[in-house]
$ cat entry37.cif   # mmCIF, C-alpha atoms
data_query
#
loop_
_atom_site.group_PDB
_atom_site.id
_atom_site.type_symbol
_atom_site.label_atom_id
_atom_site.label_comp_id
_atom_site.auth_asym_id
_atom_site.auth_seq_id
_atom_site.Cartn_x
_atom_site.Cartn_y
_atom_site.Cartn_z
ATOM 1 C CA MET C 1 -16.794 -28.880 8.038
ATOM 2 C CA THR C 2 -13.070 -28.330 8.617
ATOM 3 C CA VAL C 3 -10.897 -31.407 8.046
ATOM 4 C CA PRO C 4 -8.207 -31.827 10.761
ATOM 5 C CA LEU C 5 -4.625 -31.439 9.540
ATOM 6 C CA PRO C 6 -2.453 -34.581 9.575
ATOM 7 C CA ALA C 7 -0.130 -34.702 12.591
ATOM 8 C CA ALA C 8 3.021 -34.455 10.468
ATOM 9 C CA THR C 9 1.661 -31.358 8.722
ATOM 10 C CA THR C 10 0.794 -29.705 12.042
ATOM 11 C CA LEU C 11 4.306 -30.341 13.343
ATOM 12 C CA ARG C 12 5.854 -28.842 10.211
ATOM 13 C CA LEU C 13 3.690 -25.722 10.406
ATOM 14 C CA ARG C 14 4.656 -25.229 14.057
ATOM 15 C CA ASN C 15 8.379 -26.022 13.664
ATOM 16 C CA PRO C 16 10.282 -22.722 13.307
ATOM 17 C CA ASP C 17 13.259 -24.565 11.792
ATOM 18 C CA ALA C 18 11.306 -26.285 9.011
ATOM 19 C CA PRO C 19 11.569 -24.533 5.635
ATOM 20 C CA LEU C 20 8.522 -22.625 4.530
ATOM 21 C CA VAL C 21 6.944 -23.731 1.256
ATOM 22 C CA LEU C 22 5.522 -21.232 -1.245
ATOM 23 C CA ALA C 23 3.017 -22.777 -3.698
ATOM 24 C CA LEU C 24 2.921 -21.117 -7.119
ATOM 25 C CA PRO C 25 0.506 -21.815 -9.978
ATOM 26 C CA LYS C 26 1.668 -23.349 -13.234
ATOM 27 C CA GLY C 27 0.996 -21.569 -16.520
ATOM 28 C CA ARG C 28 0.559 -17.947 -17.538
ATOM 29 C CA ILE C 29 0.473 -16.477 -14.034
ATOM 30 C CA LEU C 30 3.803 -18.079 -13.144
ATOM 31 C CA LYS C 31 5.550 -15.982 -15.803
ATOM 32 C CA GLU C 32 3.697 -12.841 -14.714
ATOM 33 C CA LEU C 33 4.899 -13.475 -11.163
ATOM 34 C CA SER C 34 8.616 -13.476 -12.033
ATOM 35 C CA PRO C 35 9.159 -9.668 -11.807
ATOM 36 C CA LEU C 36 7.232 -9.561 -8.529
ATOM 37 C CA LEU C 37 9.335 -12.364 -7.035
ATOM 38 C CA GLU C 38 12.472 -10.533 -8.126
ATOM 39 C CA ARG C 39 11.329 -7.312 -6.443
ATOM 40 C CA ALA C 40 10.587 -9.336 -3.298
ATOM 41 C CA GLY C 41 14.191 -10.586 -3.357
ATOM 42 C CA LEU C 42 13.194 -14.180 -4.104
ATOM 43 C CA ASP C 43 15.186 -16.105 -6.700
ATOM 44 C CA PRO C 44 14.018 -19.725 -7.270
ATOM 45 C CA ALA C 45 16.130 -22.240 -9.190
ATOM 46 C CA PRO C 46 16.045 -21.272 -12.902
ATOM 47 C CA ASP C 47 14.064 -24.323 -14.039
ATOM 48 C CA TYR C 48 11.028 -23.361 -11.952
ATOM 49 C CA LEU C 49 9.767 -21.579 -15.095
ATOM 50 C CA ASP C 50 10.539 -24.524 -17.381
ATOM 51 C CA GLU C 51 7.281 -26.341 -18.109
ATOM 52 C CA ASP C 52 9.322 -29.360 -19.274
ATOM 53 C CA SER C 53 11.182 -29.659 -15.985
ATOM 54 C CA ARG C 54 10.260 -32.821 -14.085
ATOM 55 C CA ARG C 55 10.995 -31.136 -10.772
ATOM 56 C CA LEU C 56 8.051 -29.752 -8.845
ATOM 57 C CA ARG C 57 9.902 -28.435 -5.780
ATOM 58 C CA PHE C 58 12.639 -25.865 -6.205
ATOM 59 C CA PRO C 59 15.178 -24.356 -3.813
ATOM 60 C CA THR C 60 15.557 -20.585 -3.668
ATOM 61 C CA ASN C 61 18.196 -18.076 -2.631
ATOM 62 C CA GLU C 62 16.426 -18.008 0.751
ATOM 63 C CA ARG C 63 17.550 -21.011 2.818
ATOM 64 C CA GLY C 64 14.285 -21.029 4.743
ATOM 65 C CA LEU C 65 11.959 -21.062 1.718
ATOM 66 C CA ASP C 66 11.291 -23.544 -1.091
ATOM 67 C CA VAL C 67 8.929 -23.099 -4.050
ATOM 68 C CA VAL C 68 6.548 -25.746 -5.371
ATOM 69 C CA ARG C 69 4.801 -25.504 -8.725
ATOM 70 C CA VAL C 70 1.287 -26.981 -8.900
ATOM 71 C CA ARG C 71 -1.933 -26.551 -10.847
ATOM 72 C CA PRO C 72 -3.719 -23.260 -10.105
ATOM 73 C CA PHE C 73 -6.732 -24.981 -8.526
ATOM 74 C CA ASP C 74 -4.434 -27.044 -6.296
ATOM 75 C CA VAL C 75 -2.586 -24.088 -4.759
ATOM 76 C CA ALA C 76 -5.468 -23.332 -2.395
ATOM 77 C CA THR C 77 -5.659 -26.984 -1.296
ATOM 78 C CA PHE C 78 -1.895 -27.232 -0.670
ATOM 79 C CA VAL C 79 -2.000 -24.130 1.531
ATOM 80 C CA ALA C 80 -5.322 -24.900 3.271
ATOM 81 C CA PHE C 81 -4.086 -28.345 4.345
ATOM 82 C CA GLY C 82 -0.655 -27.099 5.381
ATOM 83 C CA ALA C 83 1.486 -28.728 2.690
ATOM 84 C CA ALA C 84 2.534 -25.143 1.884
ATOM 85 C CA ALA C 85 2.448 -22.195 4.273
ATOM 86 C CA ILE C 86 2.136 -19.511 1.595
ATOM 87 C CA GLY C 87 0.750 -19.452 -1.939
ATOM 88 C CA VAL C 88 -0.382 -17.385 -4.879
ATOM 89 C CA VAL C 89 -3.832 -18.118 -6.258
ATOM 90 C CA GLY C 90 -6.597 -16.428 -8.217
ATOM 91 C CA SER C 91 -9.511 -14.953 -6.308
ATOM 92 C CA ASP C 92 -11.752 -17.168 -8.462
ATOM 93 C CA VAL C 93 -10.260 -20.247 -6.778
ATOM 94 C CA LEU C 94 -10.778 -18.714 -3.338
ATOM 95 C CA MET C 95 -14.419 -18.042 -4.218
ATOM 96 C CA GLU C 96 -14.919 -21.591 -5.465
ATOM 97 C CA PHE C 97 -13.412 -23.445 -2.487
ATOM 98 C CA ASP C 98 -13.905 -20.925 0.363
ATOM 99 C CA TYR C 99 -11.465 -22.730 2.680
ATOM 100 C CA PRO C 100 -11.692 -21.302 6.233
ATOM 101 C CA GLU C 101 -8.012 -22.194 6.791
ATOM 102 C CA LEU C 102 -6.888 -19.565 4.275
ATOM 103 C CA TYR C 103 -6.116 -15.911 4.877
ATOM 104 C CA ALA C 104 -5.611 -13.683 1.831
ATOM 105 C CA PRO C 105 -3.851 -10.518 3.032
ATOM 106 C CA LEU C 106 -2.704 -9.103 -0.295
ATOM 107 C CA ASP C 107 -4.000 -8.460 -3.818
ATOM 108 C CA LEU C 108 -1.001 -8.890 -6.125
ATOM 109 C CA ARG C 109 -2.738 -7.080 -9.021
ATOM 110 C CA LEU C 110 -1.718 -9.792 -11.481
ATOM 111 C CA GLY C 111 -3.748 -12.111 -13.700
ATOM 112 C CA LEU C 112 -6.495 -9.541 -14.040
ATOM 113 C CA CYS C 113 -9.640 -10.934 -15.648
ATOM 114 C CA ARG C 114 -13.296 -11.535 -14.786
ATOM 115 C CA LEU C 115 -15.786 -14.306 -14.189
ATOM 116 C CA SER C 116 -18.691 -13.971 -16.601
ATOM 117 C CA ILE C 117 -21.795 -15.748 -17.812
ATOM 118 C CA ALA C 118 -21.789 -16.193 -21.588
ATOM 119 C CA ALA C 119 -24.390 -17.408 -24.068
ATOM 120 C CA PRO C 120 -24.605 -17.976 -27.830
ATOM 121 C CA ARG C 121 -24.713 -14.643 -29.639
ATOM 122 C CA GLU C 122 -28.181 -15.216 -31.104
ATOM 123 C CA ASN C 123 -29.630 -16.025 -27.666
ATOM 124 C CA GLY C 124 -27.584 -13.607 -25.622
ATOM 125 C CA ILE C 125 -29.051 -10.543 -27.275
ATOM 126 C CA ALA C 126 -32.706 -11.556 -26.918
ATOM 127 C CA ASP C 127 -32.575 -13.585 -23.693
ATOM 128 C CA ASP C 128 -33.806 -11.959 -20.469
ATOM 129 C CA PRO C 129 -32.053 -13.518 -17.443
ATOM 130 C CA SER C 130 -34.617 -12.007 -15.070
ATOM 131 C CA ARG C 131 -37.249 -14.401 -16.465
ATOM 132 C CA TRP C 132 -35.276 -17.595 -15.840
ATOM 133 C CA SER C 133 -36.489 -20.131 -13.268
ATOM 134 C CA GLN C 134 -33.992 -22.868 -14.120
ATOM 135 C CA VAL C 135 -30.951 -23.115 -16.335
ATOM 136 C CA ARG C 136 -28.180 -25.505 -17.327
ATOM 137 C CA VAL C 137 -24.678 -24.028 -17.192
ATOM 138 C CA ALA C 138 -21.260 -25.524 -17.964
ATOM 139 C CA SER C 139 -18.402 -24.443 -15.719
ATOM 140 C CA LYS C 140 -15.325 -25.519 -13.790
ATOM 141 C CA TYR C 141 -16.754 -23.442 -10.933
ATOM 142 C CA PRO C 142 -19.814 -25.448 -9.799
ATOM 143 C CA ASN C 143 -20.008 -23.835 -6.350
ATOM 144 C CA ILE C 144 -19.802 -20.277 -7.673
ATOM 145 C CA ALA C 145 -22.358 -21.065 -10.363
ATOM 146 C CA ARG C 146 -24.882 -22.567 -7.933
ATOM 147 C CA ARG C 147 -24.473 -19.719 -5.446
ATOM 148 C CA HIS C 148 -24.759 -17.066 -8.153
ATOM 149 C CA PHE C 149 -27.986 -18.407 -9.610
ATOM 150 C CA ALA C 150 -29.480 -19.401 -6.252
ATOM 151 C CA ALA C 151 -29.098 -15.791 -5.076
ATOM 152 C CA ARG C 152 -31.441 -14.832 -7.925
ATOM 153 C CA GLY C 153 -33.894 -17.629 -7.281
ATOM 154 C CA VAL C 154 -32.777 -19.645 -10.302
ATOM 155 C CA GLN C 155 -32.230 -23.396 -10.065
ATOM 156 C CA ALA C 156 -28.953 -24.180 -11.850
ATOM 157 C CA GLU C 157 -27.971 -27.572 -13.168
ATOM 158 C CA VAL C 158 -24.190 -27.345 -13.418
ATOM 159 C CA ILE C 159 -22.268 -29.450 -15.929
ATOM 160 C CA GLU C 160 -18.719 -29.537 -14.571
ATOM 161 C CA LEU C 161 -16.020 -29.263 -17.233
ATOM 162 C CA SER C 162 -12.291 -28.617 -16.875
ATOM 163 C CA GLY C 163 -11.817 -27.050 -20.305
ATOM 164 C CA ALA C 164 -13.259 -26.336 -23.773
ATOM 165 C CA MET C 165 -16.174 -24.595 -22.062
ATOM 166 C CA GLU C 166 -17.016 -22.581 -25.175
ATOM 167 C CA LEU C 167 -18.101 -25.751 -27.003
ATOM 168 C CA ALA C 168 -20.853 -26.614 -24.530
ATOM 169 C CA PRO C 169 -23.692 -24.400 -25.892
ATOM 170 C CA SER C 170 -23.056 -25.174 -29.573
ATOM 171 C CA LEU C 171 -23.063 -28.925 -28.884
ATOM 172 C CA GLY C 172 -26.224 -28.777 -26.776
ATOM 173 C CA LEU C 173 -24.507 -29.601 -23.506
ATOM 174 C CA SER C 174 -25.659 -26.430 -21.751
ATOM 175 C CA ARG C 175 -27.505 -23.195 -22.357
ATOM 176 C CA LEU C 176 -24.805 -21.028 -20.746
ATOM 177 C CA ILE C 177 -21.217 -21.124 -19.554
ATOM 178 C CA LEU C 178 -19.571 -19.536 -16.535
ATOM 179 C CA ASP C 179 -15.869 -18.999 -17.147
ATOM 180 C CA LEU C 180 -12.906 -16.672 -16.852
ATOM 181 C CA VAL C 181 -12.737 -13.963 -19.499
ATOM 182 C CA GLN C 182 -9.712 -11.818 -20.205
ATOM 183 C CA THR C 183 -10.133 -10.216 -23.641
ATOM 184 C CA GLY C 184 -13.303 -11.992 -24.806
ATOM 185 C CA SER C 185 -11.647 -13.097 -28.051
ATOM 186 C CA THR C 186 -12.181 -16.822 -27.384
ATOM 187 C CA LEU C 187 -15.874 -16.204 -26.706
ATOM 188 C CA ARG C 188 -16.281 -14.222 -29.914
ATOM 189 C CA ALA C 189 -14.423 -16.855 -31.939
ATOM 190 C CA ASN C 190 -16.931 -19.430 -30.745
ATOM 191 C CA GLY C 191 -20.066 -17.342 -31.279
ATOM 192 C CA LEU C 192 -20.600 -16.408 -27.622
ATOM 193 C CA VAL C 193 -21.234 -13.098 -25.871
ATOM 194 C CA GLU C 194 -20.980 -12.069 -22.234
ATOM 195 C CA ILE C 195 -24.414 -11.495 -20.758
ATOM 196 C CA GLU C 196 -23.570 -11.104 -17.076
ATOM 197 C CA HIS C 197 -20.545 -10.076 -15.013
ATOM 198 C CA VAL C 198 -20.103 -12.237 -11.909
ATOM 199 C CA ALA C 199 -16.833 -11.035 -10.329
ATOM 200 C CA ASP C 200 -13.507 -9.381 -11.035
ATOM 201 C CA VAL C 201 -10.537 -11.697 -10.580
ATOM 202 C CA SER C 202 -6.897 -11.135 -9.649
ATOM 203 C CA SER C 203 -4.077 -13.123 -8.052
ATOM 204 C CA ARG C 204 -3.848 -13.053 -4.246
ATOM 205 C CA LEU C 205 -1.157 -13.920 -1.738
ATOM 206 C CA ILE C 206 -2.598 -16.501 0.651
ATOM 207 C CA VAL C 207 -1.282 -17.979 3.891
ATOM 208 C CA ASN C 208 -2.257 -20.856 6.114
ATOM 209 C CA ARG C 209 -3.866 -19.491 9.288
ATOM 210 C CA THR C 210 -2.132 -22.037 11.541
ATOM 211 C CA ALA C 211 1.257 -21.127 10.086
ATOM 212 C CA LEU C 212 0.519 -17.437 10.593
ATOM 213 C CA LYS C 213 -0.329 -18.024 14.266
ATOM 214 C CA THR C 214 2.599 -20.323 15.032
ATOM 215 C CA ARG C 215 5.283 -18.647 12.897
ATOM 216 C CA PRO C 216 4.095 -15.027 12.790
ATOM 217 C CA GLU C 217 7.508 -13.391 12.353
ATOM 218 C CA GLN C 218 8.497 -15.530 9.360
ATOM 219 C CA ILE C 219 5.116 -15.389 7.633
ATOM 220 C CA GLY C 220 4.675 -11.705 8.475
ATOM 221 C CA ALA C 221 8.077 -10.896 6.996
ATOM 222 C CA TRP C 222 7.104 -12.515 3.682
ATOM 223 C CA ILE C 223 3.782 -10.697 3.595
ATOM 224 C CA ALA C 224 5.670 -7.432 4.110
ATOM 225 C CA ARG C 225 8.163 -8.261 1.345
ATOM 226 C CA PHE C 226 5.395 -9.059 -1.130
ATOM 227 C CA ARG C 227 3.485 -5.934 -0.131
ATOM 228 C CA ALA C 228 6.577 -3.813 -0.795
ATOM 229 C CA ALA C 229 7.120 -5.593 -4.123
ATOM 230 C CA VAL C 230 3.560 -4.839 -5.217
ATOM 231 C CA ALA C 231 3.935 -1.183 -4.208
ATOM 232 C CA ALA C 232 7.186 -0.929 -6.178
ATOM 233 C CA GLY C 233 5.675 -2.416 -9.335
#
$ encode --input "entry37.cif" --output "structure tokens"
Amino acid sequence: MTVPLPAATTLRLRNPDAPLVLALPKGRILKELSPLLERAGLDPAPDYLDEDSRRLRFPTNERGLDVVRVRPFDVATFVAFGAAAIGVVGSDVLMEFDYPELYAPLDLRLGLCRLSIAAPRENGIADDPSRWSQVRVASKYPNIARRHFAARGVQAEVIELSGAMELAPSLGLSRLILDLVQTGSTLRANGLVEIEHVADVSSRLIVNRTALKTRPEQIGAWIARFRAAVAAG
């Protein structure tokens, strides 16, 4: 069910004079984004990259656009509920939350990795996933995990963790994990192997659908600038 936007948020999204807000994810992707922002002609205040900065909202060289820096999982929520009109978020987050208020017009080709199922090395080689009827899996993606296993007729008990996923099988918390994998080195260091590929993941430009309808020229111009920046990369 779609939750109605607060009145103040609706007014801001519809007000052509209100500054647009671009939500960016903290961490590794933020640094990867810097060259893309530069090619798009966007120059936030220098401390937007400083993890020790207490500021979370930063002015830019564009008078009509501010940048906010939030946790990766929160970017989608900020944009879906209209606190930000535009954002950058991983496709994994879009899969997990599936907000109808979001439109993702552009793959930024950054933060490339994959969502995978992993198991202890000794089990992963001999285990046959096609024979499973139920399984316990640790993940920060409970919705993706349940949908993935349900599509195969497997009942999944999901243990929701926000980190240290690789410890779950060795400590008896779960049989499997579902997590992001980039190089696989962390899995190997903890005695795990990938046994199933779930989805490829990359960063996407997202916009709030209400903002796109009510301020199409402004939002459309930023989509075009990011599209040109990706093509020039």
$ residues_around --input "entry37.cif" --residues "range 165-177 of chain C" --least-positions-apart "5" --cutoff "8 Å" --atoms "only C-alpha atoms" --output "list in words"
Ile117, Ala118, Ala119, Pro120, Val135, Arg136, Val137, Ala138, Ser139, Ile159, Thr186, Leu187, Asn190 and Leu192 of chain C
$ atom_distance --input "entry37.cif" --atom1 "CA of Ala45 in chain C" --atom2 "CA of Val67 in chain C"
8.9 Å
$ closest_residue --input "entry37.cif" --among "C:Thr210, C:Ser133, C:Leu20, C:Pro44" --to "Leu102 in chain C" --atoms "only C-alpha atoms"
C:Thr210
$ residues_around --input "entry37.cif" --residues "Lys26 in chain C" --least-positions-apart "5" --cutoff "10 Å" --atoms "all atoms listed in the file" --output "PyMOL selection string"
chain C and resi 31+48-51+68-75
$ closest_residue --input "entry37.cif" --among "C:Asp47, C:Gln134, C:Leu106, C:Leu180" --to "Val158 in chain C" --atoms "all atoms listed in the file"
C:Gln134
$ closest_residue --input "entry37.cif" --among "C:Arg63, C:Arg225, C:Arg146, C:Arg114" --to "Ser203 in chain C" --atoms "only C-alpha atoms"
C:Arg114
$ atom_distance --input "entry37.cif" --atom1 "CA of Leu42 in chain C" --atom2 "CA of Glu217 in chain C"
17.4 Å
$ atom_distance --input "entry37.cif" --atom1 "CA of Ser162 in chain C" --atom2 "CA of Ile206 in chain C"
23.4 Å
$ resolve_selection --input "entry37.cif" --expression "the PyMOL selection byres ((chain C and resi 33-41) around 9)" --output "MDAnalysis selection string"
chainID C and resid 24 28:32 42:44 49 61:62 108 110 222 225:230 232:233
$ closest_residue --input "entry37.cif" --among "C:Leu178, C:Val198, C:Ala231, C:Ala211" --to "Val79 in chain C" --atoms "all atoms listed in the file"
C:Ala211
$ residues_around --input "entry37.cif" --residues "Leu112 in chain C" --least-positions-apart "4" --cutoff "8 Å" --atoms "all atoms listed in the file" --output "ChimeraX atom specification"
/C:182,200-203
$ write_last_selection --input "entry37.cif" --atoms "C-alpha atoms" --output "PDB file, in the coordinates of the input"
ATOM      1  CA  GLN C 182      -9.712 -11.818 -20.205  1.00  0.00           C
ATOM      2  CA  ASP C 200     -13.507  -9.381 -11.035  1.00  0.00           C
ATOM      3  CA  VAL C 201     -10.537 -11.697 -10.580  1.00  0.00           C
ATOM      4  CA  SER C 202      -6.897 -11.135  -9.649  1.00  0.00           C
ATOM      5  CA  SER C 203      -4.077 -13.123  -8.052  1.00  0.00           C
TER       6      SER C 203
END
$ axis_aligned_box --input "entry37.cif" --around "range 89-95 of chain C" --padding-each-side "4 Å" --output "lines of an AutoDock Vina configuration file"
center_x = -9.1
center_y = -17.6
center_z = -5.9
size_x = 18.6
size_y = 13.3
size_z = 13.1
$ resolve_selection --input "entry37.cif" --expression "the PyMOL selection byres ((chain C and resi 218) around 12)" --output "list in words"
Leu13, Arg14, Asn15, Pro16, Asp17, Ala18, Pro19, Leu20, Val21, Glu62, Gly64, Leu65, Ala85, Ile86, Val207, Ala211, Leu212, Lys213, Thr214, Arg215, Pro216, Glu217, Ile219, Gly220, Ala221, Trp222, Ile223, Ala224 and Arg225 of chain C
$ closest_residue --input "entry37.cif" --among "C:Glu96, C:Asp66, C:Glu101, C:Glu122" --to "Gly191 in chain C" --atoms "all atoms listed in the file"
C:Glu122
$ closest_residue --input "entry37.cif" --among "C:Asn208, C:Gly111, C:Ala76, C:Ala145" --to "Val93 in chain C" --atoms "all atoms listed in the file"
C:Ala76
